[in-house]
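For reference, query.csv (CSV, N, CA and C atoms):
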```csv
chain,number,residue,atom,x,y,z
A,27,MET,N,97.5,65.0,1.4
A,27,MET,CA,96.8,65.6,0.3
A,27,MET,C,95.4,65.0,0.1
A,28,GLY,N,94.4,65.9,0.2
A,28,GLY,CA,93.0,65.4,-0.1
A,28,GLY,C,92.8,65.4,-1.5
A,29,ALA,N,92.3,64.3,-2.0
A,29,ALA,CA,92.1,64.1,-3.4
A,29,ALA,C,90.9,63.2,-3.7
A,30,VAL,N,90.4,63.3,-4.9
A,30,VAL,CA,89.3,62.4,-5.3
A,30,VAL,C,89.6,61.8,-6.7
A,31,THR,N,89.3,60.6,-6.9
A,31,THR,CA,89.6,59.9,-8.2
A,31,THR,C,88.2,59.7,-8.8
A,32,TYR,N,88.1,60.1,-10.1
A,32,TYR,CA,86.8,60.0,-10.8
A,32,TYR,C,87.1,59.1,-12.0
A,33,ILE,N,86.2,58.2,-12.3
A,33,ILE,CA,86.3,57.3,-13.5
A,33,ILE,C,85.0,57.7,-14.3
A,34,ASP,N,85.2,58.2,-15.5
A,34,ASP,CA,84.1,58.6,-16.3
A,34,ASP,C,83.4,57.5,-17.0
A,35,ASP,N,82.4,57.8,-17.8
A,35,ASP,CA,81.7,56.7,-18.5
A,35,ASP,C,82.5,56.0,-19.6
A,36,GLN,N,83.6,56.6,-20.0
A,36,GLN,CA,84.5,56.0,-20.9
A,36,GLN,C,85.7,55.3,-20.2
A,37,ARG,N,85.6,55.2,-18.9
A,37,ARG,CA,86.6,54.5,-18.1
A,37,ARG,C,87.9,55.2,-18.0
A,38,VAL,N,87.9,56.5,-18.3
A,38,VAL,CA,89.1,57.4,-18.1
A,38,VAL,C,89.2,57.8,-16.7
A,39,VAL,N,90.3,57.5,-16.1
A,39,VAL,CA,90.6,57.8,-14.7
A,39,VAL,C,91.3,59.1,-14.5
A,40,ARG,N,90.8,59.9,-13.6
A,40,ARG,CA,91.4,61.2,-13.3
A,40,ARG,C,91.4,61.4,-11.8
A,41,THR,N,92.5,61.9,-11.3
A,41,THR,CA,92.5,62.3,-9.8
A,41,THR,C,92.7,63.8,-9.7
A,42,TYR,N,91.8,64.3,-8.9
A,42,TYR,CA,91.8,65.8,-8.6
A,42,TYR,C,92.1,66.1,-7.2
A,43,ARG,N,93.0,67.0,-7.0
A,43,ARG,CA,93.3,67.5,-5.6
A,43,ARG,C,92.1,68.4,-5.1
A,44,LEU,N,91.7,68.2,-4.0
A,44,LEU,CA,90.5,68.9,-3.4
A,44,LEU,C,90.8,70.4,-3.3
A,45,PRO,N,92.0,70.9,-2.9
A,45,PRO,CA,92.2,72.3,-2.9
A,45,PRO,C,92.1,73.0,-4.3
A,46,LEU,N,92.5,72.2,-5.3
A,46,LEU,CA,92.4,72.8,-6.7
A,46,LEU,C,90.9,72.8,-7.1
A,47,ILE,N,90.1,71.8,-6.8
A,47,ILE,CA,88.7,71.9,-7.1
A,47,ILE,C,88.1,73.1,-6.4
A,48,GLU,N,88.4,73.3,-5.1
A,48,GLU,CA,87.9,74.4,-4.4
A,48,GLU,C,88.3,75.7,-5.0
A,49,LYS,N,89.5,75.8,-5.5
A,49,LYS,CA,90.0,77.1,-6.1
A,49,LYS,C,89.5,77.3,-7.5
A,50,PHE,N,89.5,76.3,-8.3
A,50,PHE,CA,89.2,76.5,-9.8
A,50,PHE,C,87.8,75.9,-10.2
A,51,GLY,N,87.2,75.1,-9.3
A,51,GLY,CA,85.9,74.6,-9.7
A,51,GLY,C,86.1,73.3,-10.4
A,52,CYS,N,84.9,72.7,-10.8
A,52,CYS,CA,85.0,71.4,-11.6
A,52,CYS,C,83.7,71.3,-12.5
A,53,SER,N,83.7,70.3,-13.2
A,53,SER,CA,82.6,70.1,-14.2
A,53,SER,C,81.3,69.8,-13.4
A,54,LYS,N,80.1,70.0,-14.0
A,54,LYS,CA,78.9,69.7,-13.4
A,54,LYS,C,78.8,68.2,-13.1
A,55,GLU,N,79.3,67.3,-13.9
A,55,GLU,CA,79.3,65.9,-13.7
A,55,GLU,C,80.1,65.5,-12.5
A,56,LEU,N,81.3,66.0,-12.3
A,56,LEU,CA,82.1,65.7,-11.2
A,56,LEU,C,81.4,66.3,-9.9
A,57,SER,N,80.9,67.5,-10.0
A,57,SER,CA,80.2,68.1,-8.9
A,57,SER,C,79.0,67.2,-8.4
A,58,SER,N,78.3,66.7,-9.4
A,58,SER,CA,77.1,65.8,-9.1
A,58,SER,C,77.6,64.5,-8.4
A,59,ARG,N,78.7,63.9,-8.9
A,59,ARG,CA,79.2,62.7,-8.3
A,59,ARG,C,79.7,62.9,-6.9
A,60,LEU,N,80.4,64.1,-6.7
A,60,LEU,CA,80.9,64.4,-5.4
A,60,LEU,C,79.7,64.6,-4.4
A,61,ALA,N,78.7,65.2,-4.8
A,61,ALA,CA,77.5,65.4,-4.0
A,61,ALA,C,76.9,64.1,-3.6
A,62,TYR,N,76.8,63.2,-4.6
A,62,TYR,CA,76.2,61.9,-4.4
A,62,TYR,C,77.1,61.1,-3.4
A,63,ALA,N,78.4,61.1,-3.6
A,63,ALA,CA,79.3,60.4,-2.7
A,63,ALA,C,79.2,60.9,-1.2
A,64,ARG,N,79.1,62.2,-1.1
A,64,ARG,CA,79.0,62.8,0.2
A,64,ARG,C,77.7,62.4,0.9
A,65,ALA,N,76.6,62.4,0.1
A,65,ALA,CA,75.3,62.0,0.7
A,65,ALA,C,75.3,60.5,1.1
A,66,MET,N,76.0,59.7,0.3
A,66,MET,CA,76.1,58.3,0.7
A,66,MET,C,76.9,58.1,2.0
A,67,CYS,N,78.0,58.8,2.1
A,67,CYS,CA,78.9,58.8,3.3
A,67,CYS,C,78.1,59.2,4.5
A,68,GLU,N,77.4,60.3,4.4
A,68,GLU,CA,76.6,60.8,5.5
A,68,GLU,C,75.5,59.8,5.9
A,69,ARG,N,74.9,59.2,4.9
A,69,ARG,CA,73.9,58.2,5.1
A,69,ARG,C,74.4,57.0,5.9
A,70,MET,N,75.6,56.5,5.5
A,70,MET,CA,76.3,55.4,6.2
A,70,MET,C,76.7,55.8,7.6
A,71,ALA,N,77.2,57.0,7.8
A,71,ALA,CA,77.6,57.4,9.1
A,71,ALA,C,76.4,57.5,10.0
A,72,ALA,N,75.3,58.0,9.5
A,72,ALA,CA,74.0,58.1,10.3
A,72,ALA,C,73.5,56.7,10.7
A,73,SER,N,73.6,55.8,9.8
A,73,SER,CA,73.1,54.5,10.1
A,73,SER,C,74.0,53.8,11.1
A,74,ARG,N,75.3,54.1,11.1
A,74,ARG,CA,76.2,53.5,12.1
A,74,ARG,C,76.0,54.1,13.5
A,75,SER,N,75.6,55.3,13.5
A,75,SER,CA,75.4,56.0,14.8
A,75,SER,C,74.1,55.7,15.4
A,76,GLY,N,73.2,55.0,14.7
A,76,GLY,CA,71.9,54.6,15.2
A,76,GLY,C,70.8,55.4,14.8
A,77,SER,N,71.0,56.7,14.3
A,77,SER,CA,69.9,57.5,13.9
A,77,SER,C,69.2,57.0,12.6
A,78,GLY,N,70.0,56.4,11.8
A,78,GLY,CA,69.4,55.8,10.5
A,78,GLY,C,68.6,54.6,10.8
A,79,ALA,N,69.0,53.8,11.9
A,79,ALA,CA,68.3,52.6,12.2
A,79,ALA,C,66.9,52.9,12.7
A,80,ALA,N,66.7,54.0,13.5
A,80,ALA,CA,65.4,54.4,14.0
A,80,ALA,C,64.5,54.8,12.9
A,81,ALA,N,65.0,55.5,11.9
A,81,ALA,CA,64.2,55.9,10.8
A,81,ALA,C,63.8,54.7,9.9
A,82,ALA,N,64.7,53.7,9.7
A,82,ALA,CA,64.4,52.5,9.0
A,82,ALA,C,63.4,51.7,9.7
A,83,THR,N,63.4,51.6,11.0
A,83,THR,CA,62.4,50.9,11.8
A,83,THR,C,61.1,51.5,11.6
A,84,ALA,N,61.0,52.8,11.7
A,84,ALA,CA,59.8,53.6,11.6
A,84,ALA,C,59.1,53.3,10.2
A,85,VAL,N,60.0,53.3,9.2
A,85,VAL,CA,59.5,53.1,7.8
A,85,VAL,C,59.0,51.6,7.7
A,86,SER,N,59.7,50.7,8.2
A,86,SER,CA,59.3,49.3,8.2
A,86,SER,C,58.0,49.1,8.9
A,87,THR,N,57.9,49.7,10.1
A,87,THR,CA,56.6,49.6,10.9
A,87,THR,C,55.5,50.2,10.2
A,88,ALA,N,55.6,51.3,9.5
A,88,ALA,CA,54.6,52.0,8.8
A,88,ALA,C,54.2,51.1,7.6
A,89,ALA,N,55.1,50.5,6.9
A,89,ALA,CA,54.8,49.7,5.7
A,89,ALA,C,54.1,48.4,6.1
A,90,ALA,N,54.4,47.9,7.3
A,90,ALA,CA,53.7,46.7,7.8
A,90,ALA,C,52.3,46.9,8.2
A,91,SER,N,51.9,48.2,8.5
A,91,SER,CA,50.6,48.5,9.0
A,91,SER,C,49.6,48.5,7.9
```

Representation of the structure as structure tokens:
Amino acid sequence: MGAVTYIDDQRVVRTYRLPLIEKFGCSKELSSRLAYARAMCERMAASRSGSGAAAATAVSTAAAS
């Protein structure tokens, strides 16, 4: 079962099944958090594969100049 657990600003914990989010949608806040989590996962995956390291080196080199 694919699911995501969300803890809101009042510390209320809810777990949502991904197929149900796909079928019925979700709140703007949950959608925003899911997009952020996906972006961070993609960023971590890119840095592990080496593509992120090259970009970080280029930024560091440019900043040092």

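Candidate residues A:Ala29, A:Tyr62, A:Gly76, A:Glu68 were compared for distance to Thr41 (chain A), and the nearest is A:Ala29, using all atoms listed in the file.
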
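Considering only C-alpha atoms, the residue among A:Leu56, A:Ala61, A:Cys67, A:Ala72 positioned nearest to Asp35 (chain A) is A:Leu56.
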
**OP:** Counting only C-alpha atoms, find the residues whose atoms lie at most 12 Å from (90.6, 70.0, -5.3) (file coordinates) and write them out as JSON, numbers by chain.
**Re:** {"A": [27, 28, 29, 30, 31, 40, 41, 42, 43, 44, 45, 46, 47, 48, 49, 50, 51, 52, 53, 56, 57, 60]}

**OP:** Enter the distance from atom N of Tyr32 (chain A) to CA of Ala65 (chain A), in Å, rounded to one decimal.
**Re:**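 Computed distance, atom N of Tyr32 (chain A) to CA of Ala65 (chain A), equals 16.9 Å.
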
With all atoms of region 50-61 of chain A from the file as input, state the centre and edge lengths in Å to one decimal of the axis-aligned box that has 3 Å extra on each side, as lines of an AutoDock Vina configuration file.
```
center_x = 83.2
center_y = 69.6
center_z = -8.9
size_x = 18.6
size_y = 19.8
size_z = 16.6
```

Original post:
Just how far from CA of Asp34 (chain A) is CA of Ser58 (chain A), in Å to one decimal?
Top reply: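 Distance between the two atoms: 12.4 Å.
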
Subject >> atom N of Ile33 (chain A) to atom C of Arg74 (chain A), distance in Å rounded to a single decimal >> reply: 28.0 Å
